[in-house]
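Colleague: Below is the file data36.cif, with mmCIF, C-alpha atoms.
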```cif
data_upload
loop_
_atom_site.label_atom_id
_atom_site.label_comp_id
_atom_site.auth_asym_id
_atom_site.auth_seq_id
_atom_site.Cartn_x
_atom_site.Cartn_y
_atom_site.Cartn_z
CA MET A 1 -30.42 41.20 13.03
CA LYS A 2 -27.92 41.03 10.19
CA ILE A 3 -27.81 42.77 6.82
CA VAL A 4 -26.84 40.02 4.39
CA SER A 5 -26.57 42.20 1.30
CA PRO A 6 -24.95 44.21 0.03
CA ALA A 7 -21.49 43.61 1.42
CA PRO A 8 -20.26 46.46 3.62
CA ALA A 9 -18.43 49.21 1.70
CA SER A 10 -19.89 48.06 -1.61
CA ILE A 11 -19.67 50.58 -4.43
CA PHE A 12 -22.72 51.19 -6.60
CA GLN A 13 -21.98 52.80 -9.92
CA VAL A 14 -24.24 55.35 -11.58
CA THR A 15 -24.16 54.79 -15.34
CA ALA A 16 -22.63 57.26 -17.77
CA ASP A 17 -26.18 58.13 -18.81
CA SER A 18 -27.04 59.15 -15.23
CA VAL A 19 -29.15 56.09 -14.43
CA TRP A 20 -28.99 55.16 -10.78
CA PRO A 21 -28.47 51.47 -9.99
CA ALA A 22 -30.66 49.24 -7.84
CA ILE A 23 -29.30 49.30 -4.28
CA LEU A 24 -30.99 46.37 -2.62
CA PHE A 25 -30.63 45.96 1.13
CA SER A 26 -31.68 42.62 2.65
CA THR A 27 -31.73 41.21 6.17
CA ALA A 28 -31.56 37.57 7.12
CA ASP A 29 -34.84 37.77 9.04
CA GLU A 30 -38.11 36.55 7.53
CA LEU A 31 -40.94 38.79 8.68
CA GLN A 32 -44.27 37.45 9.90
CA ASP A 33 -47.61 39.00 8.94
CA GLY A 34 -47.89 42.50 10.41
CA GLN A 35 -44.20 42.80 11.17
CA LYS A 36 -42.23 45.69 9.68
CA LEU A 37 -38.71 46.88 9.22
CA THR A 38 -37.77 50.53 9.61
CA TRP A 39 -34.89 51.70 7.43
CA ASN A 40 -33.20 54.97 8.38
CA TRP A 41 -30.92 56.22 5.65
CA GLN A 42 -28.49 59.08 5.27
CA ILE A 43 -26.42 60.00 2.23
CA GLN A 44 -23.57 62.45 2.50
CA TRP A 45 -21.02 64.01 0.17
CA ARG A 46 -18.95 66.99 1.17
CA LYS A 47 -21.33 69.65 2.57
CA PHE A 48 -24.39 67.96 1.08
CA SER A 49 -26.52 65.58 3.08
CA LYS A 50 -29.98 64.05 2.97
CA LYS A 51 -31.71 61.55 5.20
CA GLY A 52 -35.03 59.87 5.70
CA THR A 53 -36.94 56.82 6.85
CA VAL A 54 -38.63 54.05 4.92
CA VAL A 55 -40.82 51.27 6.37
CA THR A 56 -41.16 47.90 4.62
CA THR A 57 -43.24 44.81 5.26
CA THR A 58 -40.58 42.59 3.72
CA ASN A 59 -36.94 42.05 4.60
CA THR A 60 -35.66 43.96 1.57
CA TRP A 61 -35.53 47.59 0.53
CA ASP A 62 -34.30 49.03 -2.77
CA ALA A 63 -32.84 52.49 -2.12
CA LYS A 64 -32.67 53.37 -5.83
CA GLU A 65 -35.66 55.71 -5.95
CA THR A 66 -34.85 57.22 -2.58
CA VAL A 67 -31.30 58.26 -3.46
CA GLU A 68 -31.78 58.86 -7.17
CA GLY A 69 -29.68 61.86 -8.20
CA LEU A 70 -27.47 61.65 -5.12
CA GLY A 71 -24.08 60.13 -4.44
CA GLY A 72 -21.40 59.69 -1.84
CA ALA A 73 -21.56 57.67 1.38
CA LEU A 74 -24.90 56.00 2.03
CA THR A 75 -25.43 54.77 5.57
CA VAL A 76 -28.46 52.61 6.34
CA SER A 77 -29.70 51.44 9.73
CA VAL A 78 -32.51 48.93 9.94
CA ALA A 79 -34.62 48.09 12.99
CA GLY A 80 -37.28 45.41 13.42
CA PRO A 81 -38.42 42.45 15.48
CA GLY A 82 -35.00 40.84 15.15
CA GLY A 83 -33.08 43.82 16.49
CA ARG A 84 -30.94 46.39 14.69
CA ALA A 85 -28.15 46.48 12.10
CA SER A 86 -26.40 49.08 10.00
CA ILE A 87 -24.24 49.27 6.92
CA SER A 88 -22.41 51.82 4.79
CA VAL A 89 -22.00 51.68 1.04
CA ARG A 90 -20.86 54.16 -1.58
CA ILE A 91 -22.45 55.56 -4.71
CA ALA A 92 -20.01 56.65 -7.42
CA GLY A 93 -20.46 58.22 -10.82
CA THR A 94 -19.26 57.38 -14.32
CA ASP A 95 -18.10 60.00 -16.78
CA PRO A 96 -20.25 60.36 -19.87
CA ALA A 97 -18.73 60.10 -23.32
CA ALA A 98 -18.22 63.35 -25.19
CA ALA A 99 -20.75 62.22 -27.77
CA ASP A 100 -23.39 61.84 -25.03
CA ILE A 101 -22.64 65.34 -23.77
CA LEU A 102 -22.97 66.77 -27.26
CA ALA A 103 -26.22 64.85 -27.73
CA HIS A 104 -27.56 66.29 -24.48
CA LEU A 105 -26.54 69.82 -25.49
CA ALA A 106 -28.28 69.32 -28.83
CA THR A 107 -31.56 68.89 -26.97
CA ARG A 108 -31.12 72.25 -25.27
CA PRO A 109 -31.95 75.51 -27.05
CA ASP A 110 -29.34 78.22 -27.56
CA SER A 111 -26.46 76.02 -26.48
CA ALA A 112 -24.23 76.52 -29.56
CA GLY A 113 -20.68 77.11 -28.39
CA PHE A 114 -21.14 75.88 -24.82
CA ASP A 115 -19.45 72.59 -25.73
CA LYS A 116 -16.31 74.58 -26.57
CA ILE A 117 -16.28 76.06 -23.07
CA LEU A 118 -16.83 72.65 -21.47
CA GLN A 119 -14.03 71.14 -23.52
CA HIS A 120 -11.63 73.98 -22.78
CA GLU A 121 -12.35 74.30 -19.08
CA THR A 122 -13.03 70.78 -17.82
CA GLN A 123 -12.32 68.56 -20.82
CA MET A 124 -15.97 67.48 -20.54
CA THR A 125 -15.30 65.46 -17.42
CA HIS A 126 -17.70 65.44 -14.50
CA PHE A 127 -16.20 62.86 -12.14
CA ASP A 128 -12.72 62.33 -10.77
CA SER A 129 -10.87 59.02 -10.75
CA LYS A 130 -12.81 57.89 -7.66
CA GLY A 131 -16.16 58.57 -9.27
CA GLN A 132 -16.83 61.71 -7.27
CA PRO A 133 -17.86 65.00 -8.90
CA ARG A 134 -14.78 67.05 -9.66
CA ALA A 135 -14.32 70.01 -7.33
CA SER A 136 -12.41 73.25 -7.85
CA PHE A 137 -10.50 75.27 -5.25
CA ASP A 138 -13.49 77.56 -4.77
CA SER A 139 -16.00 74.74 -4.24
CA GLY A 140 -17.16 74.61 -7.81
CA PHE A 141 -18.62 71.19 -8.51
CA GLY A 142 -19.00 69.00 -11.56
CA MET A 143 -18.39 69.59 -15.22
CA CYS A 144 -19.61 73.20 -15.04
CA GLN A 145 -17.80 73.89 -11.73
CA LEU A 146 -20.99 75.41 -10.35
CA THR A 147 -20.43 77.85 -7.48
CA ILE A 148 -22.85 80.79 -7.64
CA PRO A 149 -25.75 80.16 -7.60
CA ALA A 150 -24.80 77.34 -5.25
CA PRO A 151 -25.56 73.97 -6.84
CA SER A 152 -27.95 71.46 -5.33
CA PHE A 153 -26.84 67.97 -4.29
CA GLU A 154 -28.46 66.64 -7.45
CA GLN A 155 -26.72 69.18 -9.70
CA CYS A 156 -23.39 67.99 -8.33
CA TRP A 157 -24.06 64.32 -9.06
CA ASN A 158 -26.17 64.35 -12.21
CA TRP A 159 -24.04 65.69 -15.05
CA LYS A 160 -27.10 66.53 -17.13
CA LEU A 161 -28.50 68.75 -14.40
CA ASN A 162 -25.04 70.23 -13.91
CA ILE A 163 -24.80 71.16 -17.60
CA ASP A 164 -28.32 72.58 -17.56
CA ALA A 165 -27.36 74.87 -14.67
CA GLY A 166 -24.24 76.04 -16.52
CA LEU A 167 -26.30 76.57 -19.63
CA ALA A 168 -28.62 78.89 -17.73
CA LEU A 169 -25.66 81.25 -17.20
CA TYR A 170 -24.60 80.82 -20.83
CA ALA A 171 -28.12 81.59 -22.06
CA MET A 172 -28.05 84.97 -20.32
CA LYS A 173 -24.81 85.84 -22.09
CA ARG A 174 -26.32 84.73 -25.37
CA GLN A 175 -29.34 86.98 -24.80
CA ALA A 176 -27.00 89.89 -24.12
CA ALA A 177 -25.07 89.05 -27.29
CA VAL A 178 -28.27 89.03 -29.35
CA ARG A 179 -29.32 92.40 -27.89
CA TYR A 180 -25.92 93.86 -28.69
CA LEU A 181 -25.61 92.49 -32.21
CA SER A 182 -29.17 93.36 -33.20
CA GLN A 183 -29.04 96.97 -32.03
CA ASN A 184 -30.23 99.51 -34.58
CA GLY A 185 -31.65 96.70 -36.70
CA ARG A 186 -28.19 95.29 -37.53
CA THR A 187 -27.82 91.70 -38.69
CA PHE A 188 -25.31 89.03 -37.70
CA THR A 189 -24.33 85.47 -38.49
CA ASP A 190 -24.54 82.38 -36.28
CA ASP A 191 -20.75 82.36 -36.01
CA GLN A 192 -20.73 85.98 -34.89
CA LEU A 193 -23.35 85.21 -32.27
CA THR A 194 -21.32 82.29 -30.92
CA ARG A 195 -18.15 84.38 -30.75
CA GLU A 196 -19.99 87.26 -29.11
CA THR A 197 -21.52 84.91 -26.53
CA ILE A 198 -18.27 83.17 -25.66
CA ALA A 199 -16.38 86.46 -25.39
CA ARG A 200 -19.04 87.81 -23.03
CA TRP A 201 -18.88 84.62 -20.97
CA ASN A 202 -15.25 85.50 -20.25
CA GLY A 203 -15.96 89.24 -20.21
CA GLY A 204 -16.61 92.01 -22.71
CA PRO A 205 -17.84 92.22 -26.28
CA TYR A 206 -16.14 90.56 -29.25
CA HIS A 207 -17.36 92.69 -32.12
CA VAL A 208 -17.46 96.36 -32.92
CA TRP A 209 -19.49 97.93 -35.68
CA GLY A 210 -17.39 98.53 -38.78
CA SER A 211 -18.69 101.69 -40.39
CA ALA A 212 -16.69 101.10 -43.55
CA GLN A 213 -17.82 97.50 -43.88
CA GLN A 214 -21.33 98.22 -42.59
CA ALA A 215 -21.01 94.98 -40.65
CA TRP A 216 -19.90 93.63 -37.31
CA ILE A 217 -16.15 93.04 -37.21
CA ARG A 218 -13.85 91.54 -34.60
CA ASN A 219 -12.48 94.28 -32.34
CA PRO A 220 -9.33 95.25 -34.30
CA ASP A 221 -7.70 96.84 -31.25
CA ILE A 222 -7.10 93.51 -29.50
CA LEU A 223 -4.15 91.35 -30.52
CA CYS A 224 -4.11 87.93 -28.89
CA ASP A 225 -1.22 85.80 -27.77
CA SER A 226 -2.12 82.63 -29.63
CA LYS A 227 0.05 80.59 -27.25
CA THR A 228 -2.27 81.32 -24.30
CA GLY A 229 -5.89 80.96 -23.26
CA ASN A 230 -7.04 84.58 -23.20
CA ILE A 231 -3.99 86.82 -22.92
CA GLY A 232 -3.64 89.67 -25.35
CA TRP A 233 -2.73 93.28 -25.87
CA ASP A 234 -4.72 96.46 -26.32
CA LEU A 235 -3.18 97.98 -29.43
CA THR A 236 -4.45 101.43 -28.55
CA LYS A 237 -1.83 101.56 -25.81
CA PRO A 238 1.29 103.34 -27.06
CA GLU A 239 3.51 100.61 -25.61
CA ASN A 240 1.86 97.98 -27.83
CA ARG A 241 1.13 99.93 -30.98
CA GLY A 242 2.81 98.68 -34.14
CA LYS A 243 4.37 95.63 -32.48
CA SER A 244 3.94 92.02 -33.62
CA GLU A 245 2.50 89.19 -31.53
CA GLY A 246 5.93 87.60 -31.37
CA ALA A 247 7.60 90.75 -30.13
CA LEU A 248 4.94 91.38 -27.51
CA HIS A 249 5.02 87.76 -26.35
CA GLN A 250 8.77 87.92 -25.95
CA ARG A 251 8.43 91.13 -23.96
CA ASP A 252 5.63 90.03 -21.60
CA ALA A 253 5.49 86.21 -21.37
CA ALA A 254 7.67 86.06 -18.27
CA GLN A 255 4.98 87.99 -16.37
CA TYR A 256 2.07 85.69 -17.30
CA ARG A 257 2.32 83.58 -14.13
CA HIS A 258 0.78 86.45 -12.16
CA PRO A 259 -2.51 88.23 -12.99
CA PRO A 260 -1.92 91.42 -14.97
CA GLY A 261 -1.27 94.49 -12.85
CA GLN A 262 -2.17 98.13 -13.23
CA ASN A 263 0.96 98.97 -15.16
CA ASP A 264 1.14 95.89 -17.36
CA CYS A 265 0.68 96.34 -21.09
CA TRP A 266 -0.93 92.91 -21.48
CA GLY A 267 -4.19 91.60 -20.06
CA TYR A 268 -6.97 89.03 -20.22
CA PHE A 269 -9.53 89.56 -22.96
CA GLY A 270 -12.83 87.88 -23.75
CA VAL A 271 -12.02 88.40 -27.42
CA CYS A 272 -8.91 86.23 -27.05
CA TYR A 273 -10.84 83.64 -25.05
CA ALA A 274 -13.36 83.29 -27.87
CA ASP A 275 -10.63 83.17 -30.51
CA ARG A 276 -8.82 80.48 -28.58
CA LEU A 277 -11.89 78.29 -28.10
CA LEU A 278 -13.11 78.68 -31.66
CA SER A 279 -9.77 78.50 -33.44
CA MET B 1 -11.02 77.52 -13.93
CA ALA B 2 -8.27 77.49 -16.53
CA GLY B 3 -5.92 80.44 -16.38
CA GLN B 4 -7.70 81.85 -13.39
CA GLN B 5 -6.11 82.83 -10.13
CA PRO B 6 -7.77 84.33 -7.06
CA GLN B 7 -6.79 87.90 -6.41
CA LYS B 8 -5.37 88.56 -2.99
CA SER B 9 -6.80 91.25 -0.80
CA LYS B 10 -4.42 94.18 -0.45
CA SER B 11 -3.35 94.99 3.05
CA GLN B 12 -2.65 98.62 2.33
CA ILE B 13 -4.05 101.51 0.44
CA VAL B 14 -3.14 101.31 -3.21
CA ARG B 15 -1.62 104.47 -4.66
CA GLY B 16 -4.38 106.76 -5.76
CA HIS B 17 -5.18 108.86 -8.76
CA VAL B 18 -6.10 112.52 -8.76
CA LEU B 19 -8.77 114.37 -10.71
CA ALA B 20 -9.07 118.14 -10.90
CA LEU B 21 -12.33 119.66 -9.77
CA ALA B 22 -13.98 122.44 -11.76
CA SER B 23 -14.51 124.30 -8.51
CA GLY B 24 -10.79 124.13 -7.76
CA GLY B 25 -9.18 121.52 -5.58
CA THR B 26 -8.82 117.84 -6.32
CA LEU B 27 -10.58 114.48 -6.01
CA ARG B 28 -8.30 111.58 -5.18
CA TYR B 29 -9.42 107.95 -5.35
CA SER B 30 -7.64 104.81 -4.22
CA THR B 31 -8.32 101.26 -3.13
CA ASP B 32 -8.50 100.68 0.62
CA HIS B 33 -8.89 96.95 1.27
CA ASN B 34 -12.14 96.12 -0.48
CA ARG B 35 -13.43 99.66 -0.57
CA THR B 36 -12.69 102.78 -2.58
CA LEU B 37 -11.42 105.75 -0.67
CA VAL B 38 -12.44 109.10 -2.16
CA GLU B 39 -10.80 112.22 -0.80
CA ILE B 40 -11.79 115.70 -1.83
CA ARG B 41 -9.41 118.53 -1.16
CA PRO B 42 -11.14 121.84 -1.82
CA ALA B 43 -9.21 124.76 -3.24
CA LYS B 44 -7.07 126.62 -0.72
CA GLY B 45 -9.18 128.41 1.83
CA ALA B 46 -12.40 126.79 0.61
CA GLY B 47 -12.74 124.27 3.41
CA GLU B 48 -11.39 121.12 4.97
CA LYS B 49 -10.43 117.85 3.29
CA MET B 50 -13.38 115.44 3.07
CA GLN B 51 -13.41 111.72 2.49
CA VAL B 52 -15.72 108.73 2.13
CA ARG B 53 -15.16 105.01 1.68
CA LEU B 54 -17.31 103.48 -1.03
CA SER B 55 -18.47 99.89 -0.67
CA ARG B 56 -18.39 97.47 -3.53
CA ASP B 57 -20.49 94.33 -3.71
CA GLU B 58 -19.98 90.59 -3.92
CA THR B 59 -19.67 90.67 -7.70
CA VAL B 60 -16.44 92.65 -7.50
CA ALA B 61 -13.18 90.71 -7.29
CA PRO B 62 -11.74 90.98 -3.78
CA GLY B 63 -9.04 93.61 -3.65
CA SER B 64 -9.70 94.82 -7.19
CA ARG B 65 -8.05 98.13 -7.94
CA VAL B 66 -10.18 100.88 -9.40
CA LEU B 67 -10.11 100.23 -13.14
CA ALA B 68 -11.80 103.51 -13.99
CA PHE B 69 -13.16 106.45 -12.05
CA GLU B 70 -14.90 109.37 -13.66
CA LEU B 71 -16.33 112.55 -12.27
CA LEU B 72 -19.51 112.96 -14.28
CA ALA B 73 -20.60 116.22 -12.68
CA GLU B 74 -19.93 118.54 -9.81
CA LYS B 75 -22.91 120.37 -8.43
CA PRO B 76 -22.10 123.23 -6.08
CA PRO B 77 -21.97 123.50 -3.18
CA GLY B 78 -20.52 120.04 -2.64
CA VAL B 79 -22.34 117.33 -4.59
CA TYR B 80 -20.33 115.01 -6.82
CA LEU B 81 -21.69 112.54 -9.38
CA VAL B 82 -19.15 109.80 -10.05
CA THR B 83 -18.88 106.42 -11.70
CA ASP B 84 -16.38 103.74 -10.70
CA ARG B 85 -15.44 100.42 -12.28
CA TYR B 86 -13.78 97.23 -11.02
CA ALA B 87 -12.81 93.75 -12.12
CA SER B 88 -15.53 91.12 -11.74
CA ARG B 89 -15.18 88.35 -9.22
CA PRO B 90 -14.33 85.46 -11.53
CA GLY B 91 -16.76 82.58 -11.56
CA PRO B 92 -16.48 78.96 -12.62
CA MET B 93 -15.02 78.00 -15.98
CA SER B 94 -13.43 81.43 -16.57
CA TYR B 95 -16.86 83.06 -16.25
CA CYS B 96 -16.37 86.83 -16.11
CA GLN B 97 -12.63 86.38 -15.63
CA THR B 98 -12.14 89.52 -17.73
CA GLY B 99 -15.49 91.08 -16.86
CA GLN B 100 -16.14 94.39 -15.13
CA GLU B 101 -18.57 95.84 -12.59
CA GLN B 102 -19.55 99.51 -12.67
CA PHE B 103 -21.42 101.76 -10.24
CA VAL B 104 -22.79 105.28 -10.43
CA ARG B 105 -22.87 107.20 -7.15
CA VAL B 106 -23.67 110.54 -5.65
CA LEU B 107 -21.37 111.92 -2.97
CA ALA B 108 -22.34 114.93 -0.93
CA ARG B 109 -20.83 117.15 1.71
CA ALA B 110 -22.14 116.22 5.14
CA GLN B 111 -21.78 118.98 7.71
CA GLY B 112 -22.32 116.79 10.74
CA LEU B 113 -19.93 114.01 9.79
CA LYS B 114 -16.30 113.96 10.80
CA SER B 115 -15.36 112.60 7.40
CA GLY B 116 -17.17 115.52 5.80
CA LEU B 117 -18.52 113.49 2.89
CA HIS B 118 -21.16 110.80 2.52
CA GLU B 119 -22.66 108.66 -0.22
CA THR B 120 -26.31 109.49 -0.85
CA PHE B 121 -26.91 107.19 -3.81
CA SER B 122 -25.35 104.12 -5.40
CA SER B 123 -26.55 102.01 -8.29
CA LYS B 124 -24.97 99.21 -10.26
CA VAL B 125 -25.06 100.07 -13.94
CA GLU B 126 -22.88 97.44 -15.61
CA SER B 127 -22.10 93.94 -14.42
CA CYS B 128 -20.66 90.88 -16.08
CA ARG B 129 -21.76 88.77 -13.11
CA THR B 130 -25.38 89.90 -13.16
CA ASN B 131 -25.69 90.69 -16.88
CA LEU B 132 -26.28 94.41 -16.57
CA GLU B 133 -25.32 96.56 -19.52
CA LEU B 134 -25.59 100.21 -20.34
CA GLY B 135 -27.21 101.15 -23.60
CA PRO B 136 -25.65 103.45 -26.21
CA ALA B 137 -26.55 106.59 -24.26
CA GLY B 138 -24.80 105.28 -21.14
CA LEU B 139 -24.78 107.72 -18.24
CA SER B 140 -25.69 111.33 -18.90
CA TRP B 141 -26.04 114.41 -16.80
CA ASP B 142 -28.17 117.42 -17.49
CA GLY B 143 -26.95 120.25 -15.29
CA ALA B 144 -29.85 122.54 -16.07
CA SER B 145 -32.42 120.14 -14.63
CA SER B 146 -29.99 118.38 -12.25
CA THR B 147 -30.94 115.09 -13.84
CA LEU B 148 -28.94 111.89 -14.16
CA THR B 149 -30.13 109.56 -16.90
CA VAL B 150 -29.10 105.90 -16.91
CA ASP B 151 -29.64 104.07 -20.19
CA GLY B 152 -29.82 100.51 -18.92
CA ASP B 153 -32.40 97.77 -19.40
CA GLN B 154 -34.85 100.61 -18.89
CA LEU B 155 -34.26 104.32 -19.11
CA LYS B 156 -34.06 105.66 -15.57
CA ARG B 157 -33.95 109.28 -14.52
CA TYR B 158 -32.92 110.67 -11.17
CA ARG B 159 -33.13 114.23 -9.94
CA ILE B 160 -30.36 115.28 -7.59
CA SER B 161 -31.01 118.02 -5.07
CA GLU B 162 -28.69 120.69 -3.69
CA ASN B 163 -27.80 118.49 -0.74
CA GLY B 164 -27.25 115.37 -2.83
CA LEU B 165 -30.55 113.62 -2.19
CA VAL B 166 -31.62 111.56 -5.18
CA THR B 167 -35.20 111.13 -6.34
CA PRO B 168 -36.20 108.82 -9.19
CA TYR B 169 -38.85 110.21 -11.51
#
```
Represent the structure of the file as structure tokens.

Modeller:
Amino acid sequence: MKIVSPAPASIFQVTADSVWPAILFSTADELQDGQKLTWNWQIQWRKFSKKGTVVTTTNTWDAKETVEGLGGALTVSVAGPGGRASISVRIAGTDPAAADILAHLATRPDSAGFDKILQHETQMTHFDSKGQPRASFDSGFGMCQLTIPAPSFEQCWNWKLNIDAGLALYAMKRQAAVRYLSQNGRTFTDDQLTRETIARWNGGPYHVWGSAQQAWIRNPDILCDSKTGNIGWDLTKPENRGKSEGALHQRDAAQYRHPPGQNDCWGYFGVCYADRLLS
Amino acid sequence: MAGQQPQKSKSQIVRGHVLALASGGTLRYSTDHNRTLVEIRPAKGAGEKMQVRLSRDETVAPGSRVLAFELLAEKPPGVYLVTDRYASRPGPMSYCQTGQEQFVRVLARAQGLKSGLHETFSSKVESCRTNLELGPAGLSWDGASSTLTVDGDQLKRYRISENGLVTPY
């Protein structure tokens, strides 16, 4: 038996809109009435793997529905009256356009601000140059670098599912932000909610209640280093009090390549993270 | 994971901090690998040094130093209500990179143990990783009724006995 299509090592490209292509396998044999072909398939990418068996009464099989949502190396073995044959092909992804990502986010409730995080952290890219989901050093996969909870095979390969999983984490921060900002019947704006949510994503609240203003105000005790992602200074520390951003940057910037230590006067702040993303 | 670097596990005990006890003596806390070492040195002549190693959980950044440690109450003869806070284990996309994880615990003298001290109660009260937050009332202790109140998602009350056993009610 011989598999006549596709050619070995063919690459099948998932579209930017996460539509899986037809992956048609054909043998040279013509089957008689009652004859069948048994197709054993396995798809593998990194630690993820799925396999199964499909039986056809013709000499072709389209794997599209079977492997929809999955990518990586697809190996197919076929057995029938004419003998056996096997082939390996590859399924690769295509990065969506930023406009498509924004359009997807717009269909999801409570997602305001999440696009800023995606842009800042992964530049809204899901696949690497070889069409594989991008992976971080700690096995975070895809645009949202999902680690814990561990992503499914499908969440690694389908950028929409990947974003939805990241949004689930974001939604919990947004709920916490709403609880915080609405305490004691206080009111807040959409912008304040977005800043509060993004700050909490990175860690800690953004606003404090201003008694004089009778409104939520940005925490005045945190001064950010506008040249960095989320580095800043706690102005309640005597070492920082009364100093300008420029002076503090000049004093501490040489230490930024290591995480802040117990005795450092600078640190990472969710407030600065939100300011940076929303500036 | 912009701007994020994994924290390395310390291979030695990090220099500790010391709190004074109302009963005399001191409470010292330090980081010992991924645990928190608490040592209680009673006032002179009031007994032997006691210690216990407190576990953290998977939400705490490996090797995190103790960011804050507070003795909420001391209940004679040898029960200590404490709260301890650590850096969160950072997640993807700078998630909880600057977050914190906080526990409340009860430590009690244990006559039969060589270490002299054991942990009878531990509860997570704040967590960036699991979205736990304390309410405005936070943690409070009522010495008269030996009651710990935790203002979290729900108001929880715990009664702490003479030997450190904790009963929710």

Colleague: Apply the PyMOL selection byres ((chain A) within 10 of (chain B)) to the structure shown and report the selected residues as a PyMOL selection string.

Modeller: chain A and resi 117-118+120-122+136-141+143-148+166+169-170+172-173+175-176+179-180+183+198-205+228-231+256-259+261-262+267-271+273

Colleague: Identify, on the basis of only C-alpha atoms, every residue whose closest approach to Lys116 (chain A) does not exceed 10 Å; exclude the query and any residue fewer than 2 positions from it along the same chain; express the result as a count of residues only.

Modeller: 14

Colleague: The PyMOL selection byres ((chain B and resi 104) around 8) on the file shown: which residues, as number ranges by chain?

Modeller: B: 81-84, 102-103, 105-106, 122-125

Colleague: What's the separation between CA of Lys47 (chain A) and CA of Phe153 (chain A), in Å to one decimal place?

Modeller: 9.0 Å

Colleague: So which residues touch Pro8 (chain A) within 8 Å, counting all atoms listed in the file, skipping near sequence neighbours fewer than 5 positions away, as a PDB file with C-alpha atoms, in the coordinates of the input?

Modeller:
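Saved the output as selection-v5.pdb:
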```pdb
ATOM      1  CA  ILE A  87     -24.240  49.270   6.920  1.00  0.00           C
ATOM      2  CA  SER A  88     -22.410  51.820   4.790  1.00  0.00           C
ATOM      3  CA  VAL A  89     -22.000  51.680   1.040  1.00  0.00           C
TER       4      VAL A  89
END
```

Colleague: Within 12 Å of Asp142 (chain B), counting all atoms listed in the file, which residues qualify if same-chain residues fewer than 3 places away don't, as a list in words?

Modeller: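 Non-adjacent residues within range: Leu72, Ala73, Glu74, Lys75, Leu81, Leu139, Ser145, Ser146, Thr147, Leu148, Thr149, Val150, Arg157, Tyr158, Arg159 and Ile160 of chain B.
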
Colleague: Determine the residue set returned by the PyMOL selection byres ((chain A and resi 16) around 10) for the present structure, and present it as a ChimeraX atom specification.

Modeller: /A:13-15,17-20,93-97,100,158-159

Colleague: Here's a test: counting only C-alpha atoms, identify every protein, DNA and RNA residue with an atom at most 9 Å from (-10.9, 91.8, -31.7) in the file's coordinate frame, and state them as an mmCIF file with C-alpha atoms, in the frame of the given file.

Modeller:
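Output file point-v8.cif follows:
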```cif
data_model
loop_
_atom_site.group_PDB
_atom_site.id
_atom_site.type_symbol
_atom_site.label_atom_id
_atom_site.label_comp_id
_atom_site.auth_asym_id
_atom_site.auth_seq_id
_atom_site.Cartn_x
_atom_site.Cartn_y
_atom_site.Cartn_z
ATOM 1 C CA PRO A 205 -17.840 92.220 -26.280
ATOM 2 C CA TYR A 206 -16.140 90.560 -29.250
ATOM 3 C CA HIS A 207 -17.360 92.690 -32.120
ATOM 4 C CA VAL A 208 -17.460 96.360 -32.920
ATOM 5 C CA ILE A 217 -16.150 93.040 -37.210
ATOM 6 C CA ARG A 218 -13.850 91.540 -34.600
ATOM 7 C CA ASN A 219 -12.480 94.280 -32.340
ATOM 8 C CA PRO A 220 -9.330 95.250 -34.300
ATOM 9 C CA ASP A 221 -7.700 96.840 -31.250
ATOM 10 C CA ILE A 222 -7.100 93.510 -29.500
ATOM 11 C CA LEU A 223 -4.150 91.350 -30.520
ATOM 12 C CA CYS A 224 -4.110 87.930 -28.890
ATOM 13 C CA VAL A 271 -12.020 88.400 -27.420
ATOM 14 C CA CYS A 272 -8.910 86.230 -27.050
ATOM 15 C CA ASP A 275 -10.630 83.170 -30.510
#
```

Colleague: Applying 10 Å and all atoms listed in the file, which residues near Val54 (chain A) remain after dropping the ones on its own chain fewer than 4 positions away? List them as a PyMOL selection string.

Modeller: chain A and resi 37-41+61+63+66+78

Colleague: Using C-alpha atoms, can you write the selected residues to a file as a PDB file, in the frame of the given file?

Modeller:
```
ATOM      1  CA  LEU A  37     -38.710  46.880   9.220  1.00  0.00           C
ATOM      2  CA  THR A  38     -37.770  50.530   9.610  1.00  0.00           C
ATOM      3  CA  TRP A  39     -34.890  51.700   7.430  1.00  0.00           C
ATOM      4  CA  ASN A  40     -33.200  54.970   8.380  1.00  0.00           C
ATOM      5  CA  TRP A  41     -30.920  56.220   5.650  1.00  0.00           C
ATOM      6  CA  TRP A  61     -35.530  47.590   0.530  1.00  0.00           C
ATOM      7  CA  ALA A  63     -32.840  52.490  -2.120  1.00  0.00           C
ATOM      8  CA  THR A  66     -34.850  57.220  -2.580  1.00  0.00           C
ATOM      9  CA  VAL A  78     -32.510  48.930   9.940  1.00  0.00           C
TER      10      VAL A  78
END
```

Colleague: Show me, as a short mmCIF file (atom, residue, chain, number, x, y, z; two decimals) with C-alpha atoms, keeping the file's coordinate frame, the residues that have an atom within 12 Å of Leu248 (chain A) when counting all atoms listed in the file, minus same-chain residues fewer than 6 positions from it.

Modeller:
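And here is the file that came out, selection.cif:
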```cif
data_model
loop_
_atom_site.label_atom_id
_atom_site.label_comp_id
_atom_site.auth_asym_id
_atom_site.auth_seq_id
_atom_site.Cartn_x
_atom_site.Cartn_y
_atom_site.Cartn_z
CA LEU A 223 -4.15 91.35 -30.52
CA CYS A 224 -4.11 87.93 -28.89
CA ASP A 225 -1.22 85.80 -27.77
CA SER A 226 -2.12 82.63 -29.63
CA LYS A 227 0.05 80.59 -27.25
CA ILE A 231 -3.99 86.82 -22.92
CA GLY A 232 -3.64 89.67 -25.35
CA TRP A 233 -2.73 93.28 -25.87
CA ASP A 234 -4.72 96.46 -26.32
CA LEU A 235 -3.18 97.98 -29.43
CA GLU A 239 3.51 100.61 -25.61
CA ASN A 240 1.86 97.98 -27.83
CA ARG A 241 1.13 99.93 -30.98
CA GLY A 242 2.81 98.68 -34.14
CA ALA A 254 7.67 86.06 -18.27
CA GLN A 255 4.98 87.99 -16.37
CA ASP A 264 1.14 95.89 -17.36
CA CYS A 265 0.68 96.34 -21.09
CA TRP A 266 -0.93 92.91 -21.48
CA GLY A 267 -4.19 91.60 -20.06
#
```
